[in-house]
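Trainee: My structure is stored as query_28.csv, with CSV, N, CA and C atoms.
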chain,number,residue,atom,x,y,z
M,1,PRO,N,199.0,88.2,196.9
M,1,PRO,CA,199.2,87.5,198.1
M,1,PRO,C,200.5,86.7,198.0
M,2,PRO,N,201.2,86.4,199.2
M,2,PRO,CA,202.4,85.6,199.2
M,2,PRO,C,202.1,84.2,198.6
M,3,ALA,N,203.1,83.6,198.1
M,3,ALA,CA,202.9,82.2,197.5
M,3,ALA,C,202.4,81.3,198.6
M,4,GLY,N,201.5,80.5,198.2
M,4,GLY,CA,200.9,79.5,199.1
M,4,GLY,C,199.7,80.0,199.9
M,5,LYS,N,199.5,81.3,199.8
M,5,LYS,CA,198.3,81.9,200.6
M,5,LYS,C,197.4,82.5,199.6
M,6,LEU,N,196.1,82.3,199.8
M,6,LEU,CA,195.1,82.8,199.0
M,6,LEU,C,194.2,83.7,199.9
M,7,PRO,N,193.5,84.7,199.3
M,7,PRO,CA,192.5,85.4,200.1
M,7,PRO,C,191.4,84.5,200.6
M,8,ALA,N,190.9,84.7,201.8
M,8,ALA,CA,189.9,83.8,202.3
M,8,ALA,C,188.7,83.7,201.4
M,9,ALA,N,188.4,84.8,200.7
M,9,ALA,CA,187.2,84.8,199.8
M,9,ALA,C,187.3,83.8,198.7
M,10,SER,N,188.5,83.5,198.3
M,10,SER,CA,188.7,82.6,197.1
M,10,SER,C,188.6,81.1,197.5
M,11,LEU,N,188.6,80.8,198.8
M,11,LEU,CA,188.5,79.4,199.3
M,11,LEU,C,187.0,79.0,199.2
M,12,VAL,N,186.9,77.7,198.9
M,12,VAL,CA,185.5,77.1,198.8
M,12,VAL,C,185.3,76.2,199.9
M,13,GLU,N,184.2,76.3,200.6
M,13,GLU,CA,183.9,75.5,201.8
M,13,GLU,C,182.6,74.8,201.5
M,14,VAL,N,182.5,73.5,201.9
M,14,VAL,CA,181.3,72.8,201.8
M,14,VAL,C,181.3,71.7,202.9
M,15,ALA,N,180.1,71.5,203.4
M,15,ALA,CA,179.9,70.4,204.4
M,15,ALA,C,179.1,69.3,203.8
M,16,VAL,N,179.5,68.1,204.1
M,16,VAL,CA,178.8,66.9,203.6
M,16,VAL,C,178.6,66.0,204.9
M,17,ASP,N,177.4,65.6,205.1
M,17,ASP,CA,177.1,64.8,206.3
M,17,ASP,C,176.6,63.4,205.9
M,18,PHE,N,176.9,62.4,206.8
M,18,PHE,CA,176.5,61.0,206.6
M,18,PHE,C,176.0,60.5,207.9
M,19,ASP,N,175.0,59.5,207.8
M,19,ASP,CA,174.5,58.8,208.9
M,19,ASP,C,175.6,57.9,209.5
M,20,SER,N,176.0,58.1,210.7
M,20,SER,CA,177.1,57.3,211.3
M,20,SER,C,176.7,55.8,211.4
M,21,SER,N,175.5,55.5,211.4
M,21,SER,CA,175.1,54.1,211.5
M,21,SER,C,175.2,53.4,210.1
M,22,LEU,N,175.3,54.2,209.0
M,22,LEU,CA,175.4,53.6,207.7
M,22,LEU,C,176.8,53.8,207.1
M,23,GLN,N,177.5,54.8,207.5
M,23,GLN,CA,178.8,55.1,206.9
M,23,GLN,C,179.9,54.9,207.8
M,24,SER,N,181.0,54.2,207.4
M,24,SER,CA,182.1,53.9,208.3
M,24,SER,C,183.0,55.1,208.3
M,25,LEU,N,183.6,55.4,209.5
M,25,LEU,CA,184.5,56.5,209.6
M,25,LEU,C,185.8,56.2,208.9
M,26,SER,N,186.2,54.9,208.8
M,26,SER,CA,187.4,54.6,208.0
M,26,SER,C,187.3,55.0,206.6
M,27,ALA,N,186.2,54.8,205.9
M,27,ALA,CA,186.0,55.2,204.5
M,27,ALA,C,186.1,56.7,204.4
M,28,LEU,N,185.5,57.4,205.4
M,28,LEU,CA,185.6,58.9,205.3
M,28,LEU,C,187.0,59.4,205.5
M,29,ASP,N,187.8,58.7,206.4
M,29,ASP,CA,189.2,59.1,206.7
M,29,ASP,C,190.0,58.8,205.4
M,30,ALA,N,189.8,57.7,204.8
M,30,ALA,CA,190.5,57.3,203.5
M,30,ALA,C,190.2,58.3,202.4
M,31,ALA,N,188.9,58.7,202.3
M,31,ALA,CA,188.5,59.6,201.2
M,31,ALA,C,189.2,61.0,201.5
M,32,ALA,N,189.2,61.4,202.8
M,32,ALA,CA,189.8,62.7,203.2
M,32,ALA,C,191.2,62.7,202.8
M,33,TYR,N,191.9,61.6,203.1
M,33,TYR,CA,193.3,61.4,202.8
M,33,TYR,C,193.6,61.6,201.3
M,34,ARG,N,192.7,61.0,200.5
M,34,ARG,CA,192.9,61.1,199.1
M,34,ARG,C,192.6,62.5,198.5
M,35,LEU,N,192.0,63.4,199.3
M,35,LEU,CA,191.8,64.7,198.9
M,35,LEU,C,193.0,65.7,199.1
M,36,ILE,N,194.0,65.1,199.8
M,36,ILE,CA,195.2,66.0,200.1
M,36,ILE,C,195.7,66.6,198.8
M,37,GLY,N,195.9,67.9,198.9
M,37,GLY,CA,196.4,68.7,197.7
M,37,GLY,C,195.2,69.3,197.0
M,38,THR,N,194.0,68.8,197.2
M,38,THR,CA,192.8,69.3,196.6
M,38,THR,C,192.0,70.1,197.6
M,39,ALA,N,191.9,69.5,198.8
M,39,ALA,CA,191.1,70.1,199.9
M,39,ALA,C,191.5,69.5,201.2
M,40,THR,N,191.2,70.2,202.3
M,40,THR,CA,191.3,69.7,203.6
M,40,THR,C,189.9,69.2,204.0
M,41,CYS,N,189.9,68.3,205.0
M,41,CYS,CA,188.7,67.7,205.4
M,41,CYS,C,188.7,67.5,206.9
M,42,GLN,N,187.8,68.1,207.6
M,42,GLN,CA,187.7,67.9,209.1
M,42,GLN,C,186.4,67.1,209.3
M,43,ILE,N,186.5,66.0,210.0
M,43,ILE,CA,185.4,65.1,210.2
M,43,ILE,C,185.0,65.2,211.7
M,44,ASP,N,183.8,65.6,212.0
M,44,ASP,CA,183.2,65.7,213.3
M,44,ASP,C,182.0,64.8,213.4
M,45,GLN,N,181.8,64.2,214.6
M,45,GLN,CA,180.6,63.4,214.9
M,45,GLN,C,179.7,64.3,215.7
M,46,GLU,N,178.5,64.5,215.1
M,46,GLU,CA,177.5,65.4,215.7
M,46,GLU,C,176.2,64.5,215.8
M,47,GLY,N,175.9,64.1,217.0
M,47,GLY,CA,174.8,63.3,217.2
M,47,GLY,C,175.0,62.0,216.5
M,48,GLY,N,174.1,61.5,215.6
M,48,GLY,CA,174.3,60.3,214.9
M,48,GLY,C,174.8,60.5,213.5
M,49,ARG,N,175.6,61.6,213.3
M,49,ARG,CA,176.0,61.9,211.9
M,49,ARG,C,177.5,62.2,212.0
M,50,TYR,N,178.2,61.9,210.8
M,50,TYR,CA,179.5,62.4,210.6
M,50,TYR,C,179.4,63.6,209.7
M,51,VAL,N,179.9,64.7,210.1
M,51,VAL,CA,179.9,66.0,209.3
M,51,VAL,C,181.3,66.2,208.8
M,52,CYS,N,181.5,66.2,207.5
M,52,CYS,CA,182.8,66.4,206.9
M,52,CYS,C,182.8,67.8,206.3
M,53,ARG,N,183.7,68.6,206.9
M,53,ARG,CA,183.8,70.0,206.4
M,53,ARG,C,185.0,70.1,205.5
M,54,LEU,N,184.8,70.4,204.2
M,54,LEU,CA,185.8,70.4,203.2
M,54,LEU,C,186.1,71.9,202.9
M,55,VAL,N,187.4,72.2,202.8
M,55,VAL,CA,187.9,73.5,202.3
M,55,VAL,C,188.9,73.3,201.2
M,56,SER,N,188.6,73.9,200.1
M,56,SER,CA,189.4,73.7,198.9
M,56,SER,C,190.8,74.2,199.1
M,57,SER,N,191.7,73.6,198.4
M,57,SER,CA,193.1,74.1,198.3
M,57,SER,C,193.3,74.6,196.9
M,58,ALA,N,194.1,75.6,196.8
M,58,ALA,CA,194.4,76.1,195.4
M,58,ALA,C,195.5,75.3,194.8
M,59,ASP,N,195.4,75.0,193.5
M,59,ASP,CA,196.5,74.4,192.8
M,59,ASP,C,197.4,75.6,192.4
M,60,LEU,N,198.5,75.8,193.1
M,60,LEU,CA,199.3,76.9,192.9
M,60,LEU,C,199.9,77.0,191.5
M,61,LYS,N,200.0,75.9,190.8
M,61,LYS,CA,200.5,75.9,189.4
M,61,LYS,C,199.5,76.4,188.5
M,62,LYS,N,198.3,76.0,188.7
M,62,LYS,CA,197.2,76.4,187.8
M,62,LYS,C,196.3,77.5,188.3
M,63,GLY,N,196.4,77.7,189.6
M,63,GLY,CA,195.6,78.8,190.2
M,63,GLY,C,194.1,78.3,190.3
M,64,ALA,N,193.8,77.0,190.1
M,64,ALA,CA,192.4,76.6,190.1
M,64,ALA,C,192.0,76.1,191.4
M,65,VAL,N,190.7,76.5,191.7
M,65,VAL,CA,190.1,76.0,193.0
M,65,VAL,C,188.8,75.4,192.5
M,66,LEU,N,188.5,74.2,193.1
M,66,LEU,CA,187.2,73.5,192.7
M,66,LEU,C,186.0,74.3,193.3
M,67,SER,N,184.9,74.3,192.5
M,67,SER,CA,183.7,74.9,193.0
M,67,SER,C,183.2,74.0,194.1
M,68,SER,N,182.2,74.5,194.9
M,68,SER,CA,181.6,73.7,196.0
M,68,SER,C,181.0,72.4,195.5
M,69,GLY,N,180.3,72.5,194.3
M,69,GLY,CA,179.7,71.4,193.7
M,69,GLY,C,180.7,70.3,193.3
M,70,GLU,N,181.8,70.8,192.7
M,70,GLU,CA,182.9,69.9,192.2
M,70,GLU,C,183.6,69.2,193.4
M,71,LEU,N,183.8,70.0,194.5
M,71,LEU,CA,184.5,69.5,195.7
M,71,LEU,C,183.6,68.4,196.3
M,72,LYS,N,182.3,68.7,196.5
M,72,LYS,CA,181.4,67.8,197.1
M,72,LYS,C,181.3,66.5,196.2
M,73,GLU,N,181.2,66.6,194.9
M,73,GLU,CA,181.1,65.5,194.0
M,73,GLU,C,182.4,64.6,194.1
M,74,ARG,N,183.6,65.3,194.1
M,74,ARG,CA,184.8,64.5,194.2
M,74,ARG,C,184.9,63.7,195.5
M,75,PHE,N,184.5,64.4,196.6
M,75,PHE,CA,184.5,63.7,197.9
M,75,PHE,C,183.5,62.5,197.9
M,76,LEU,N,182.3,62.8,197.4
M,76,LEU,CA,181.3,61.7,197.4
M,76,LEU,C,181.8,60.5,196.6
M,77,ASN,N,182.5,60.8,195.5
M,77,ASN,CA,183.0,59.7,194.6
M,77,ASN,C,184.1,59.0,195.4
M,78,LEU,N,185.0,59.7,196.1
M,78,LEU,CA,186.0,59.0,196.8
M,78,LEU,C,185.5,58.2,198.0
M,79,VAL,N,184.4,58.7,198.6
M,79,VAL,CA,183.8,57.9,199.7
M,79,VAL,C,183.2,56.6,199.1
M,80,ALA,N,182.5,56.7,198.0
M,80,ALA,CA,181.9,55.6,197.3
M,80,ALA,C,183.0,54.6,197.0
M,81,ASP,N,184.1,55.1,196.4
M,81,ASP,CA,185.2,54.2,196.1
M,81,ASP,C,185.7,53.5,197.3
M,82,GLU,N,185.9,54.2,198.4
M,82,GLU,CA,186.4,53.5,199.6
M,82,GLU,C,185.4,52.5,200.2
M,83,ASN,N,184.2,52.8,200.1
M,83,ASN,CA,183.1,51.8,200.5
M,83,ASN,C,183.2,50.6,199.7
M,84,LEU,N,183.4,50.7,198.4
M,84,LEU,CA,183.4,49.6,197.5
M,84,LEU,C,184.7,48.8,197.7
M,85,ARG,N,185.8,49.4,198.0
M,85,ARG,CA,187.1,48.7,198.3
M,85,ARG,C,186.9,47.9,199.6
M,86,ALA,N,186.2,48.4,200.6
M,86,ALA,CA,186.0,47.7,201.8
M,86,ALA,C,185.1,46.5,201.6
M,87,ARG,N,184.1,46.6,200.8
M,87,ARG,CA,183.2,45.5,200.5
M,87,ARG,C,183.9,44.4,199.7
M,88,VAL,N,184.7,44.8,198.7
M,88,VAL,CA,185.5,43.8,197.9
M,88,VAL,C,186.5,43.1,198.8
M,89,ALA,N,187.2,43.9,199.7
M,89,ALA,CA,188.2,43.3,200.6
M,89,ALA,C,187.5,42.3,201.5
M,90,GLU,N,186.3,42.6,202.0
M,90,GLU,CA,185.6,41.7,202.9
M,90,GLU,C,185.2,40.4,202.2
M,91,LYS,N,184.7,40.6,200.9
M,91,LYS,CA,184.2,39.4,200.2
M,91,LYS,C,185.3,38.5,199.7
M,92,THR,N,186.5,39.1,199.5
M,92,THR,CA,187.6,38.3,199.0
M,92,THR,C,188.6,37.9,200.1
M,93,GLU,N,188.3,38.2,201.3
M,93,GLU,CA,189.3,37.9,202.4
M,93,GLU,C,189.7,36.4,202.5
M,94,GLY,N,188.7,35.5,202.3
M,94,GLY,CA,189.0,34.1,202.4
M,94,GLY,C,189.9,33.7,201.3
M,95,VAL,N,189.7,34.1,200.1
M,95,VAL,CA,190.5,33.8,199.0
M,95,VAL,C,191.9,34.3,199.1
M,96,ARG,N,192.0,35.6,199.6
M,96,ARG,CA,193.4,36.2,199.8
M,96,ARG,C,194.1,35.4,200.9
M,97,ASN,N,193.4,35.0,201.9
M,97,ASN,CA,194.1,34.2,203.0
M,97,ASN,C,194.6,32.9,202.5
M,98,VAL,N,193.8,32.2,201.6
M,98,VAL,CA,194.3,30.9,201.1
M,98,VAL,C,195.5,31.1,200.2
M,99,ILE,N,195.5,32.2,199.3
M,99,ILE,CA,196.6,32.5,198.5
M,99,ILE,C,197.8,32.8,199.3
M,100,LEU,N,197.7,33.6,200.3
M,100,LEU,CA,198.8,33.9,201.2
M,100,LEU,C,199.4,32.6,201.9
M,101,ALA,N,198.5,31.8,202.4
M,101,ALA,CA,198.9,30.6,203.1
M,101,ALA,C,199.7,29.7,202.1
M,102,LEU,N,199.2,29.5,200.9
M,102,LEU,CA,199.8,28.7,199.9
M,102,LEU,C,201.2,29.3,199.6
M,103,ALA,N,201.3,30.6,199.4
M,103,ALA,CA,202.5,31.2,199.0
M,103,ALA,C,203.5,31.1,200.1
M,104,PHE,N,203.2,31.4,201.4
M,104,PHE,CA,204.1,31.3,202.5
M,104,PHE,C,204.4,29.9,202.8
M,105,GLY,N,203.5,29.0,202.7
M,105,GLY,CA,203.7,27.6,202.9
M,105,GLY,C,204.8,27.1,201.9
M,106,ALA,N,204.7,27.5,200.7
M,106,ALA,CA,205.7,27.1,199.7
M,106,ALA,C,207.0,27.7,200.0
M,107,LEU,N,207.1,28.9,200.5
M,107,LEU,CA,208.4,29.5,200.8
M,107,LEU,C,209.0,28.7,202.0
M,108,ALA,N,208.2,28.4,203.0
M,108,ALA,CA,208.7,27.7,204.2
M,108,ALA,C,209.2,26.3,203.8
M,109,ALA,N,208.5,25.6,202.9
M,109,ALA,CA,208.9,24.3,202.4
M,109,ALA,C,210.2,24.4,201.7
M,110,ASN,N,210.4,25.5,200.8
M,110,ASN,CA,211.6,25.7,200.1
M,110,ASN,C,212.8,25.9,201.1
M,111,GLN,N,212.6,26.7,202.1
M,111,GLN,CA,213.6,27.0,203.1
M,111,GLN,C,214.0,25.7,203.8
M,112,ASN,N,213.0,24.9,204.2
M,112,ASN,CA,213.3,23.6,204.9
M,112,ASN,C,214.1,22.7,204.0
M,113,ASP,N,213.8,22.6,202.7
M,113,ASP,CA,214.5,21.8,201.8
M,113,ASP,C,215.9,22.2,201.6
M,114,ALA,N,216.1,23.6,201.6
M,114,ALA,CA,217.5,24.1,201.4
M,114,ALA,C,218.4,24.0,202.6
M,115,GLY,N,217.7,23.9,203.8
M,115,GLY,CA,218.5,23.9,205.0
M,115,GLY,C,219.0,22.6,205.4
Could you spell out this file's structure in C-alpha cells?
Mentor:
Amino acid sequence: PPAGKLPAASLVEVAVDFDSSLQSLSALDAAAYRLIGTATCQIDQEGGRYVCRLVSSADLKKGAVLSSGELKERFLNLVADENLRARVAEKTEGVRNVILALAFGALAANQNDAG
C-alpha cells in the first residue's frame, strides 16, 4: 500500500464508554489528544454515556499497531492520569494562587522602585 495508508483490516478499533455523570469530557479530550500518533479518538455522547471510539494508527517506522487490549489500556491509563491531574490542580489551586500573587507582587514592587 502507499506510504501512510494501511489496509483497513490491519487497523484496530475499540470502543470505551464512561458514565457522563462520573467522567469529565475535558479529561477524555485531553487523553484523546495525548493519543495522537498512536490512535484517533472520536467521543460521542449517547444517553448518559461518553462513548470513545478509538482507531489505531500505524507507526510507519516500526510498522507496529497496538492490539485492541493495548489500545484500550493505554487510553484508560491516559484518562486516569488526566483525572488525577485535574484533582491535583483543584487541591493546589489556592497555593498556586498565593505563589503567583507573591511573585507578581514582588515584580510590581521592583518596577515601582525602579521607576
Trainee: Give me the residues near Ile43 in chain M as a PDB file with N, CA and C atoms, keeping the file's coordinate frame, where near means some atom within 9 Å (using only C-alpha atoms) and where sequence neighbours in that chain fewer than 5 positions away do not count.
Mentor:
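Dumped to out.pdb:
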ATOM      1  N   LEU M  25     183.600  55.400 209.500  1.00  0.00           N
ATOM      2  CA  LEU M  25     184.500  56.500 209.600  1.00  0.00           C
ATOM      3  C   LEU M  25     185.800  56.200 208.900  1.00  0.00           C
ATOM      4  N   LEU M  28     185.500  57.400 205.400  1.00  0.00           N
ATOM      5  CA  LEU M  28     185.600  58.900 205.300  1.00  0.00           C
ATOM      6  C   LEU M  28     187.000  59.400 205.500  1.00  0.00           C
ATOM      7  N   ASP M  29     187.800  58.700 206.400  1.00  0.00           N
ATOM      8  CA  ASP M  29     189.200  59.100 206.700  1.00  0.00           C
ATOM      9  C   ASP M  29     190.000  58.800 205.400  1.00  0.00           C
ATOM     10  N   ALA M  32     189.200  61.400 202.800  1.00  0.00           N
ATOM     11  CA  ALA M  32     189.800  62.700 203.200  1.00  0.00           C
ATOM     12  C   ALA M  32     191.200  62.700 202.800  1.00  0.00           C
ATOM     13  N   TYR M  50     178.200  61.900 210.800  1.00  0.00           N
ATOM     14  CA  TYR M  50     179.500  62.400 210.600  1.00  0.00           C
ATOM     15  C   TYR M  50     179.400  63.600 209.700  1.00  0.00           C
ATOM     16  N   VAL M  51     179.900  64.700 210.100  1.00  0.00           N
ATOM     17  CA  VAL M  51     179.900  66.000 209.300  1.00  0.00           C
ATOM     18  C   VAL M  51     181.300  66.200 208.800  1.00  0.00           C
ATOM     19  N   CYS M  52     181.500  66.200 207.500  1.00  0.00           N
ATOM     20  CA  CYS M  52     182.800  66.400 206.900  1.00  0.00           C
ATOM     21  C   CYS M  52     182.800  67.800 206.300  1.00  0.00           C
ATOM     22  N   ARG M  53     183.700  68.600 206.900  1.00  0.00           N
ATOM     23  CA  ARG M  53     183.800  70.000 206.400  1.00  0.00           C
ATOM     24  C   ARG M  53     185.000  70.100 205.500  1.00  0.00           C
ATOM     25  N   LEU M  54     184.800  70.400 204.200  1.00  0.00           N
ATOM     26  CA  LEU M  54     185.800  70.400 203.200  1.00  0.00           C
ATOM     27  C   LEU M  54     186.100  71.900 202.900  1.00  0.00           C
TER      28      LEU M  54
END
Trainee: Of the candidates M:Gln45, M:Asn112, M:Asn77, M:Ser57, which one gets nearest to Ala31 in chain M if we count all atoms listed in the file?
Mentor: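 Looking only at the distances to Ala31 in chain M, the closest residue turns out to be M:Asn77.
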Trainee: When you draw a straight line from atom N of Arg87 in chain M to CA of Ser21 in chain M, how long is it in Å?
Mentor: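 Rounded to one decimal, the two atoms are 15.9 Å apart.
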Trainee: Determine the nearest neighbour of Leu78 in chain M from the options M:Ala30, M:Leu11, M:Ser24, M:Ile36, counting only C-alpha atoms.
Mentor: M:Ala30
Trainee: Considering all atoms listed in the file, state which residue in the set M:Ser10, M:Leu66, M:Asn97, M:Ala27 is at the smallest distance from Asn83 in chain M.
Mentor: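 Of M:Ser10, M:Leu66, M:Asn97, M:Ala27, the one nearest Asn83 in chain M is M:Ala27, counting all atoms listed in the file.
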Trainee: Can you list, as number ranges by chain, all residues belonging to chain M that DSSP tags as strand (DSSP E)?
Mentor: M: 13-19, 39-46, 49-56
Trainee: Would you mind reading off the distance between atom N of Glu70 in chain M and atom N of Asp17 in chain M, one decimal, in Å?
Mentor: 14.1 Å
Trainee: Nearest to Phe75 in chain M: which of M:Glu46, M:Leu35, M:Val88, M:Gln111 is it, counting all atoms listed in the file?
Mentor: M:Leu35
Trainee: Could you check how far atom N of Ala101 in chain M sits from CA of Asp113 in chain M, in Å to one decimal?
Mentor: 18.9 Å
Trainee: Would you mind putting back all heavy atoms on range 104-114 of chain M, then writing it out as a PDB file, in the coordinates of the input?
Mentor:
ATOM      1  N   PHE M 104     203.200  31.400 201.400  1.00  0.00           N
ATOM      2  CA  PHE M 104     204.100  31.300 202.500  1.00  0.00           C
ATOM      3  C   PHE M 104     204.400  29.900 202.800  1.00  0.00           C
ATOM      4  O   PHE M 104     205.521  29.589 203.283  1.00  0.00           O
ATOM      5  CB  PHE M 104     203.598  32.140 203.680  1.00  0.00           C
ATOM      6  CG  PHE M 104     203.739  33.621 203.486  1.00  0.00           C
ATOM      7  CD1 PHE M 104     202.618  34.437 203.382  1.00  0.00           C
ATOM      8  CD2 PHE M 104     204.990  34.204 203.384  1.00  0.00           C
ATOM      9  CE1 PHE M 104     202.748  35.795 203.193  1.00  0.00           C
ATOM     10  CE2 PHE M 104     205.132  35.564 203.196  1.00  0.00           C
ATOM     11  CZ  PHE M 104     204.016  36.370 203.094  1.00  0.00           C
ATOM     12  N   GLY M 105     203.500  29.000 202.700  1.00  0.00           N
ATOM     13  CA  GLY M 105     203.700  27.600 202.900  1.00  0.00           C
ATOM     14  C   GLY M 105     204.800  27.100 201.900  1.00  0.00           C
ATOM     15  O   GLY M 105     205.661  26.317 202.320  1.00  0.00           O
ATOM     16  N   ALA M 106     204.700  27.500 200.700  1.00  0.00           N
ATOM     17  CA  ALA M 106     205.700  27.100 199.700  1.00  0.00           C
ATOM     18  C   ALA M 106     207.000  27.700 200.000  1.00  0.00           C
ATOM     19  O   ALA M 106     208.041  26.963 199.854  1.00  0.00           O
ATOM     20  CB  ALA M 106     205.197  27.510 198.278  1.00  0.00           C
ATOM     21  N   LEU M 107     207.100  28.900 200.500  1.00  0.00           N
ATOM     22  CA  LEU M 107     208.400  29.500 200.800  1.00  0.00           C
ATOM     23  C   LEU M 107     209.000  28.700 202.000  1.00  0.00           C
ATOM     24  O   LEU M 107     210.179  28.477 202.028  1.00  0.00           O
ATOM     25  CB  LEU M 107     208.177  30.959 201.195  1.00  0.00           C
ATOM     26  CG  LEU M 107     207.936  31.924 200.046  1.00  0.00           C
ATOM     27  CD1 LEU M 107     207.622  33.319 200.590  1.00  0.00           C
ATOM     28  CD2 LEU M 107     209.152  31.986 199.144  1.00  0.00           C
ATOM     29  N   ALA M 108     208.200  28.400 203.000  1.00  0.00           N
ATOM     30  CA  ALA M 108     208.700  27.700 204.200  1.00  0.00           C
ATOM     31  C   ALA M 108     209.200  26.300 203.800  1.00  0.00           C
ATOM     32  O   ALA M 108     210.219  25.866 204.230  1.00  0.00           O
ATOM     33  CB  ALA M 108     207.576  27.582 205.218  1.00  0.00           C
ATOM     34  N   ALA M 109     208.500  25.600 202.900  1.00  0.00           N
ATOM     35  CA  ALA M 109     208.900  24.300 202.400  1.00  0.00           C
ATOM     36  C   ALA M 109     210.200  24.400 201.700  1.00  0.00           C
ATOM     37  O   ALA M 109     211.102  23.578 201.844  1.00  0.00           O
ATOM     38  CB  ALA M 109     207.814  23.702 201.509  1.00  0.00           C
ATOM     39  N   ASN M 110     210.400  25.500 200.800  1.00  0.00           N
ATOM     40  CA  ASN M 110     211.600  25.700 200.100  1.00  0.00           C
ATOM     41  C   ASN M 110     212.800  25.900 201.100  1.00  0.00           C
ATOM     42  O   ASN M 110     213.897  25.434 200.837  1.00  0.00           O
ATOM     43  CB  ASN M 110     211.497  26.817 199.107  1.00  0.00           C
ATOM     44  CG  ASN M 110     210.672  26.453 197.907  1.00  0.00           C
ATOM     45  OD1 ASN M 110     210.449  25.276 197.633  1.00  0.00           O
ATOM     46  ND2 ASN M 110     210.187  27.459 197.192  1.00  0.00           N
ATOM     47  N   GLN M 111     212.600  26.700 202.100  1.00  0.00           N
ATOM     48  CA  GLN M 111     213.600  27.000 203.100  1.00  0.00           C
ATOM     49  C   GLN M 111     214.000  25.700 203.800  1.00  0.00           C
ATOM     50  O   GLN M 111     215.171  25.471 204.148  1.00  0.00           O
ATOM     51  CB  GLN M 111     213.204  28.070 204.022  1.00  0.00           C
ATOM     52  CG  GLN M 111     213.233  29.439 203.378  1.00  0.00           C
ATOM     53  CD  GLN M 111     212.847  30.539 204.360  1.00  0.00           C
ATOM     54  OE1 GLN M 111     212.377  30.270 205.453  1.00  0.00           O
ATOM     55  NE2 GLN M 111     213.066  31.780 203.960  1.00  0.00           N
ATOM     56  N   ASN M 112     213.000  24.900 204.200  1.00  0.00           N
ATOM     57  CA  ASN M 112     213.300  23.600 204.900  1.00  0.00           C
ATOM     58  C   ASN M 112     214.100  22.700 204.000  1.00  0.00           C
ATOM     59  O   ASN M 112     214.976  21.954 204.473  1.00  0.00           O
ATOM     60  CB  ASN M 112     212.014  22.969 205.364  1.00  0.00           C
ATOM     61  CG  ASN M 112     211.385  23.736 206.508  1.00  0.00           C
ATOM     62  OD1 ASN M 112     212.033  24.506 207.191  1.00  0.00           O
ATOM     63  ND2 ASN M 112     210.089  23.527 206.714  1.00  0.00           N
ATOM     64  N   ASP M 113     213.800  22.600 202.700  1.00  0.00           N
ATOM     65  CA  ASP M 113     214.500  21.800 201.800  1.00  0.00           C
ATOM     66  C   ASP M 113     215.900  22.200 201.600  1.00  0.00           C
ATOM     67  O   ASP M 113     216.837  21.431 201.406  1.00  0.00           O
ATOM     68  CB  ASP M 113     213.786  21.718 200.406  1.00  0.00           C
ATOM     69  CG  ASP M 113     212.432  21.006 200.484  1.00  0.00           C
ATOM     70  OD1 ASP M 113     212.202  20.273 201.479  1.00  0.00           O
ATOM     71  OD2 ASP M 113     211.603  21.188 199.560  1.00  0.00           O
ATOM     72  N   ALA M 114     216.100  23.600 201.600  1.00  0.00           N
ATOM     73  CA  ALA M 114     217.500  24.100 201.400  1.00  0.00           C
ATOM     74  C   ALA M 114     218.400  24.000 202.600  1.00  0.00           C
ATOM     75  O   ALA M 114     219.575  24.020 202.498  1.00  0.00           O
ATOM     76  CB  ALA M 114     217.374  25.591 200.966  1.00  0.00           C
TER      77      ALA M 114
END
